[in-house]
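The structure file protein.txt is reproduced below (compact mmCIF, C-alpha atoms).
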# COMPACT_ATOMS: atom_id res chain seq x y z
CA MET A 9 -29.11 -12.69 -6.86
CA ASN A 10 -30.36 -9.52 -8.50
CA SER A 11 -27.24 -7.61 -9.61
CA THR A 12 -28.88 -4.40 -10.85
CA VAL A 13 -27.61 -1.40 -8.90
CA THR A 14 -29.27 1.99 -9.09
CA GLU A 15 -27.31 5.22 -9.41
CA ALA A 16 -28.61 6.24 -5.99
CA SER A 17 -27.16 3.09 -4.42
CA VAL A 18 -23.82 3.58 -6.17
CA SER A 19 -23.75 7.16 -4.84
CA PHE A 20 -24.56 5.98 -1.32
CA ILE A 21 -21.82 3.34 -1.42
CA ALA A 22 -19.39 5.93 -2.81
CA GLU A 23 -20.12 8.20 0.16
CA VAL A 24 -19.55 5.31 2.58
CA VAL A 25 -16.21 4.47 0.98
CA LEU A 26 -15.07 8.11 0.71
CA LYS A 27 -15.78 8.82 4.38
CA ARG A 28 -13.86 5.78 5.60
CA SER A 29 -10.95 5.56 3.18
CA GLY A 30 -10.70 8.74 1.13
CA LEU A 31 -11.17 6.66 -2.03
CA ILE A 32 -13.00 8.47 -4.83
CA LEU A 33 -15.53 6.19 -6.52
CA SER A 34 -16.92 7.89 -9.63
CA ALA A 35 -20.52 7.56 -10.73
CA ASP A 36 -19.57 5.40 -13.72
CA LYS A 37 -18.21 2.62 -11.48
CA GLY A 38 -21.51 0.77 -11.15
CA TYR A 39 -19.91 -2.31 -12.73
CA LEU A 40 -17.19 -2.27 -10.06
CA VAL A 41 -19.77 -1.99 -7.30
CA GLU A 42 -21.70 -4.93 -8.74
CA SER A 43 -18.68 -7.20 -9.09
CA ARG A 44 -17.18 -6.47 -5.69
CA ILE A 45 -20.22 -5.85 -3.48
CA ASN A 46 -22.35 -8.77 -4.70
CA PRO A 47 -20.15 -11.22 -2.73
CA VAL A 48 -20.42 -9.00 0.35
CA ALA A 49 -24.21 -8.89 0.08
CA ARG A 50 -24.36 -12.65 -0.38
CA LYS A 51 -22.07 -13.30 2.58
CA GLU A 52 -24.14 -11.01 4.82
CA GLY A 53 -27.38 -12.73 3.83
CA PHE A 54 -28.94 -10.09 1.58
CA ALA A 55 -30.84 -10.95 -1.59
CA SER A 56 -29.28 -8.09 -3.55
CA ILE A 57 -27.00 -5.08 -3.31
CA GLU A 58 -30.14 -2.93 -3.15
CA ALA A 59 -31.25 -4.85 -0.07
CA LEU A 60 -27.81 -4.38 1.47
CA VAL A 61 -27.90 -0.64 0.80
CA ALA A 62 -31.43 -0.38 2.22
CA ALA A 63 -30.26 -2.06 5.41
CA MET A 64 -27.27 0.30 5.71
CA ARG A 65 -29.51 3.31 5.19
CA ALA A 66 -32.02 2.13 7.78
CA ARG A 67 -29.51 1.11 10.43
CA PRO A 68 -25.88 2.15 9.95
CA ASP A 69 -23.63 -0.75 10.87
CA GLU A 70 -19.91 0.10 10.98
CA LYS A 71 -18.86 -3.51 10.51
CA LEU A 72 -20.95 -3.70 7.34
CA MET A 73 -19.75 -0.29 6.16
CA TRP A 74 -16.15 -1.41 6.52
CA ALA A 75 -16.84 -4.69 4.71
CA VAL A 76 -18.13 -2.67 1.75
CA THR A 77 -15.15 -0.30 1.94
CA ASP A 78 -12.69 -3.18 2.10
CA ALA A 79 -14.22 -4.83 -0.95
CA LEU A 80 -13.79 -1.68 -3.03
CA THR A 81 -10.21 -0.84 -2.14
CA THR A 82 -7.77 -1.65 -4.93
CA ASN A 83 -5.20 -4.33 -4.07
CA GLU A 84 -3.31 -4.76 -7.34
CA THR A 85 0.37 -5.45 -6.67
CA PHE A 86 3.22 -7.79 -7.54
CA PHE A 87 6.85 -8.43 -6.62
CA PHE A 88 9.36 -5.68 -7.56
CA ARG A 89 6.51 -3.76 -9.19
CA ASP A 90 7.76 -1.23 -11.77
CA LYS A 91 11.38 -2.16 -10.92
CA THR A 92 12.68 1.44 -11.01
CA PRO A 93 11.77 2.31 -7.39
CA PHE A 94 13.69 -0.74 -6.17
CA ASP A 95 16.70 0.17 -8.30
CA GLN A 96 16.54 3.70 -6.88
CA PHE A 97 16.27 2.35 -3.34
CA ARG A 98 19.40 0.25 -3.90
CA ASP A 99 21.45 2.73 -5.94
CA GLU A 100 20.37 6.11 -4.57
CA VAL A 101 18.70 5.86 -1.19
CA LEU A 102 20.83 3.26 0.56
CA PRO A 103 24.11 5.07 -0.24
CA ALA A 104 22.59 8.40 0.87
CA LEU A 105 21.52 6.95 4.23
CA LYS A 106 24.43 4.56 4.79
CA GLY A 107 25.39 6.08 8.14
CA ARG A 108 22.31 4.74 9.89
CA SER A 109 22.51 1.64 12.06
CA THR A 110 18.77 1.06 11.50
CA LEU A 111 16.96 2.13 8.36
CA ARG A 112 13.25 2.48 9.08
CA VAL A 113 11.00 1.98 6.07
CA TRP A 114 7.23 2.37 5.93
CA CYS A 115 5.34 0.57 3.17
CA ALA A 116 2.03 2.40 3.29
CA ALA A 117 -0.91 0.65 1.64
CA CYS A 118 1.18 -2.51 1.28
CA SER A 119 -1.75 -4.63 0.07
CA THR A 120 -0.90 -8.35 0.03
CA GLY A 121 2.74 -7.79 0.93
CA GLN A 122 4.74 -8.10 -2.28
CA GLU A 123 6.31 -4.65 -1.89
CA PRO A 124 7.72 -5.08 1.66
CA TYR A 125 8.88 -8.61 0.86
CA SER A 126 10.63 -7.26 -2.26
CA LEU A 127 12.45 -4.68 -0.13
CA ALA A 128 13.41 -7.29 2.45
CA MET A 129 14.83 -9.54 -0.27
CA LEU A 130 16.68 -6.62 -1.86
CA MET A 131 18.29 -5.75 1.47
CA GLU A 132 19.34 -9.35 1.98
CA GLU A 133 21.06 -9.24 -1.40
CA VAL A 134 23.09 -6.10 -0.59
CA LYS A 135 23.63 -6.52 3.16
CA GLY A 136 27.32 -7.25 2.59
CA THR A 137 27.71 -3.67 1.35
CA TYR A 138 26.02 -2.30 4.48
CA PRO A 139 27.20 -4.62 7.27
CA GLY A 140 26.23 -2.24 10.05
CA MET A 141 22.76 -1.41 8.76
CA LYS A 142 19.57 -3.15 9.82
CA LEU A 143 16.37 -2.76 7.78
CA ASP A 144 13.23 -2.21 9.87
CA ILE A 145 10.10 -2.45 7.70
CA CYS A 146 6.65 -1.42 8.88
CA ALA A 147 3.98 -2.53 6.38
CA SER A 148 0.46 -1.18 6.73
CA ASP A 149 -2.87 -1.33 4.95
CA ILE A 150 -6.44 -0.28 5.64
CA SER A 151 -7.62 -3.82 4.91
CA GLU A 152 -7.04 -6.42 7.60
CA ARG A 153 -8.06 -9.03 5.05
CA VAL A 154 -5.09 -8.34 2.77
CA LEU A 155 -2.77 -7.93 5.76
CA GLU A 156 -3.62 -11.46 6.85
CA LYS A 157 -2.55 -12.75 3.45
CA ALA A 158 0.60 -10.62 3.54
CA GLN A 159 1.59 -11.86 6.96
CA ALA A 160 0.97 -15.47 5.96
CA GLY A 161 3.34 -14.96 3.01
CA LEU A 162 1.57 -17.59 0.91
CA TYR A 163 1.46 -16.90 -2.83
CA SER A 164 0.13 -18.83 -5.81
CA LYS A 165 2.26 -19.92 -8.76
CA PHE A 166 0.76 -17.06 -10.75
CA GLU A 167 1.68 -14.50 -8.07
CA VAL A 168 5.31 -15.58 -7.76
CA GLN A 169 5.68 -15.46 -11.54
CA ARG A 170 4.84 -11.75 -11.52
CA GLY A 171 8.12 -9.89 -11.11
CA LEU A 172 9.96 -12.35 -8.85
CA PRO A 173 13.33 -13.57 -10.17
CA ILE A 174 13.63 -17.35 -10.11
CA THR A 175 16.78 -17.06 -7.99
CA HIS A 176 14.79 -15.21 -5.32
CA LEU A 177 12.00 -17.78 -5.46
CA VAL A 178 14.49 -20.55 -4.73
CA LYS A 179 16.34 -18.58 -2.04
CA TYR A 180 13.52 -16.94 -0.10
CA PHE A 181 10.48 -19.21 -0.62
CA GLU A 182 9.56 -22.80 0.17
CA PRO A 183 6.96 -24.97 -1.60
CA ALA A 184 3.58 -25.19 0.11
CA GLU A 185 1.29 -27.63 -1.73
CA ASP A 186 0.35 -25.82 -4.98
CA ALA A 187 1.79 -22.50 -3.79
CA PHE A 188 4.92 -20.96 -2.30
CA ARG A 189 5.45 -19.49 1.15
CA VAL A 190 7.98 -16.84 2.14
CA LYS A 191 10.51 -18.42 4.47
CA PRO A 192 9.95 -17.67 8.19
CA ALA A 193 13.02 -15.46 8.69
CA LEU A 194 11.90 -13.06 5.97
CA ARG A 195 8.25 -13.08 7.10
CA GLN A 196 9.22 -12.30 10.67
CA SER A 197 11.47 -9.42 9.64
CA ILE A 198 8.43 -7.27 8.75
CA ARG A 199 6.00 -5.62 11.16
CA TRP A 200 2.44 -5.63 9.86
CA ARG A 201 -0.05 -2.96 11.01
CA PRO A 202 -3.65 -2.16 10.10
CA PHE A 203 -3.67 1.56 9.34
CA ASN A 204 -5.87 4.07 7.54
CA LEU A 205 -3.94 6.77 5.67
CA LEU A 206 -6.58 9.27 6.77
CA ASP A 207 -5.39 8.79 10.37
CA ASP A 208 -2.38 10.27 12.19
CA PRO A 209 0.71 8.17 11.31
CA ARG A 210 2.68 9.25 14.36
CA VAL A 211 1.42 6.10 16.10
CA LEU A 212 3.68 4.15 13.72
CA GLY A 213 6.87 6.02 14.59
CA ARG A 214 9.41 7.90 12.49
CA PHE A 215 10.78 6.75 9.14
CA ASP A 216 13.76 7.29 6.87
CA VAL A 217 11.97 6.06 3.75
CA VAL A 218 8.28 5.85 2.87
CA PHE A 219 6.78 3.89 -0.02
CA CYS A 220 3.27 5.15 -0.79
CA ARG A 221 2.87 4.10 -4.41
CA ASN A 222 -0.26 4.06 -6.55
CA VAL A 223 -2.49 5.25 -3.70
CA LEU A 224 -2.81 9.01 -4.13
CA ILE A 225 -4.40 8.58 -7.57
CA TYR A 226 -7.59 7.47 -5.82
CA PHE A 227 -7.83 10.58 -3.59
CA ASP A 228 -9.17 14.06 -4.27
CA PRO A 229 -6.67 16.99 -4.01
CA PRO A 230 -7.46 17.97 -0.38
CA THR A 231 -7.06 14.35 0.74
CA LYS A 232 -3.80 14.00 -1.21
CA GLN A 233 -2.45 17.08 0.53
CA LYS A 234 -3.50 15.85 3.96
CA VAL A 235 -1.98 12.40 3.43
CA LEU A 236 1.31 13.76 2.07
CA GLU A 237 1.72 16.27 4.87
CA ARG A 238 1.01 13.62 7.48
CA ILE A 239 3.59 11.36 5.86
CA ALA A 240 6.04 14.28 5.95
CA SER A 241 5.43 14.65 9.68
CA VAL A 242 6.91 11.20 10.30
CA THR A 243 9.67 11.31 7.66
CA ALA A 244 13.22 12.19 8.71
CA PRO A 245 14.48 15.60 7.47
CA ASP A 246 16.87 13.83 5.10
CA GLY A 247 14.40 11.06 4.31
CA PHE A 248 12.83 9.91 1.06
CA LEU A 249 9.35 9.26 -0.33
CA PHE A 250 8.49 6.95 -3.22
CA LEU A 251 5.28 7.60 -5.18
CA GLY A 252 3.82 5.81 -8.20
CA ALA A 253 4.81 6.83 -11.72
CA ALA A 254 1.46 8.60 -12.27
CA GLU A 255 1.63 10.50 -8.96
CA THR A 256 3.33 13.73 -7.95
CA VAL A 257 3.60 16.20 -5.08
CA MET A 258 3.70 19.15 -7.49
CA GLY A 259 0.75 21.44 -6.94
CA VAL A 260 -0.29 19.42 -3.90
CA THR A 261 2.22 20.19 -1.13
CA ASP A 262 5.67 21.69 -0.50
CA ALA A 263 6.41 19.12 2.22
CA PHE A 264 8.36 17.05 -0.33
CA LYS A 265 10.33 18.07 -3.40
CA ALA A 266 11.14 16.03 -6.50
CA ILE A 267 14.71 14.81 -6.77
CA PRO A 268 16.09 15.83 -10.19
CA ALA A 269 16.17 13.05 -12.79
CA LYS A 270 14.73 10.52 -10.34
CA ARG A 271 11.12 10.06 -11.35
CA GLY A 272 8.87 9.01 -8.48
CA LEU A 273 11.51 9.76 -5.82
CA TYR A 274 11.07 12.71 -3.47
CA GLY A 275 12.89 14.13 -0.47
CA ARG A 276 12.07 16.37 2.45
CA ASP A 277 14.92 18.68 1.44
CA ALA A 278 15.32 17.50 -2.15
CA GLY A 279 15.05 21.01 -3.53
CA VAL A 280 18.67 21.66 -2.47
CA ARG A 281 20.17 18.19 -2.58
CA LYS A 282 20.54 15.14 -4.75
CA ALA A 283 20.48 11.51 -3.82
CA ALA A 284 23.97 10.04 -3.49
What does this structure look like when you write it as structure tokens?
Amino acid sequence: MNSTVTEASVSFIAEVVLKRSGLILSADKGYLVESRINPVARKEGFASIEALVAAMRARPDEKLMWAVTDALTTNETFFFRDKTPFDQFRDEVLPALKGRSTLRVWCAACSTGQEPYSLAMLMEEVKGTYPGMKLDICASDISERVLEKAQAGLYSKFEVQRGLPITHLVKYFEPAEDAFRVKPALRQSIRWRPFNLLDDPRVLGRFDVVFCRNVLIYFDPPTKQKVLERIASVTAPDGFLFLGAAETVMGVTDAFKAIPAKRGLYGRDAGVRKAA
């Protein structure tokens, strides 16, 4: 297969991806387009990416457009990624919201599921401290492909070695040939939903805590603002938002405020309060 991609084709693909996901694909990402779209072109029966792009230009096909978009979305994740947000959830957020009988958490852009499973395991570990609290996790992603993997809960030896304590592997997973599968009770405790962050999240319900980490970095400022304000619309007045270490709400929106000395943790009314 011819793997040469012209700048015009990269620009066209970037426009397709931006319109459907909000993801900014810079002009210097030709190598990324080649590596990720070549398999799509091959699967769809095209001789090259150029042939694929020509077909999309001639006759827009939403299914094909979404296949291209899906291939270019970033799905890097691992269990208990960055650790600090999970420590903050346990030590700051849970005590602050301990009066709730049900704690609703939204893992936005959950990718292949390691984040929501990490939260579910964490809650299992501390449930004795919060005997009257039930954790309700809604995990969403734009890609139905990664959601299928997440819901299956099947991870390779390499994947379970990334951030997962051995005690948790033994307690919450079972061997499955050359891989490990999350035990049924934990898998079934999470609700999985296909969802595009450019859409209205009110269809998902209202949440006490939202994890939307390492997503905003791929959006332009107007899209960041729109996404954050839509998240705010479904976050409880005393709720919390977790962002990635390289992300911030500062200069983007006043819907959330940084919680002092808690990097990456934000609150709806955090300008006048502190986490417990």
Enumerate, in order of chain and increasing residue number, the residues of region 23-64 of chain A with an atom no farther than 8 Å from region 227-251 of chain A, each with its shortest atom pair and distance in Å to one decimal, counting only C-alpha atoms, as a tab-separated table.
residue	atom	partner	partner_atom	distance
A:Gly30	CA	A:Phe227	CA	5.8
A:Leu31	CA	A:Phe227	CA	5.4
A:Ile32	CA	A:Phe227	CA	5.7
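When only C-alpha atoms are used to compute distances to Phe97 (chain A), the closest of the residues A:Ala269, A:Met131, A:Ala55, A:Ala193 turns out to be A:Met131.
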Just give me the gap between CA of Pro103 (chain A) and CA of Glu255 (chain A) in Å, one decimal is fine. 24.7 Å
Any chance you could tabulate, as CSV, the residues of region 32-76 of chain A at most 12 Å from region 149-152 of chain A with each one's nearest atom pair and distance in Å to one decimal, using only C-alpha atoms, in chain and rising number order?
residue,atom,partner,partner_atom,distance
A:Trp74,CA,A:Ser151,CA,9.0
A:Ala75,CA,A:Ser151,CA,9.3
A:Val76,CA,A:Ser151,CA,11.0
Taking all atoms listed in the file into account, which of A:Lys165, A:Lys265, A:Arg28, A:Arg89 comes nearest Phe219 (chain A)?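 Of all the options, A:Arg89 lies closest to Phe219 (chain A).
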Per residue of region 72-122 of chain A within 9 Å of region 213-216 of chain A, which atom pair is closest and at what distance in Å (one decimal), using all atoms listed in the file, listed by chain and increasing number, as CSV?
residue,atom,partner,partner_atom,distance
A:Leu105,CA,A:Asp216,CA,8.2
A:Leu111,CA,A:Asp216,CA,6.3
A:Arg112,CA,A:Phe215,CA,4.9
A:Val113,CA,A:Phe215,CA,5.7
A:Trp114,CA,A:Phe215,CA,6.5
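Closest approach to Asp99 (chain A) among A:Ala49, A:Leu40, A:Val134, A:Val178 is made by A:Val134 (distances from only C-alpha atoms).
Considering all atoms listed in the file, the residue among A:Ser126, A:Thr175, A:Gln96, A:Ser119 positioned nearest to Phe203 (chain A) is A:Ser119.
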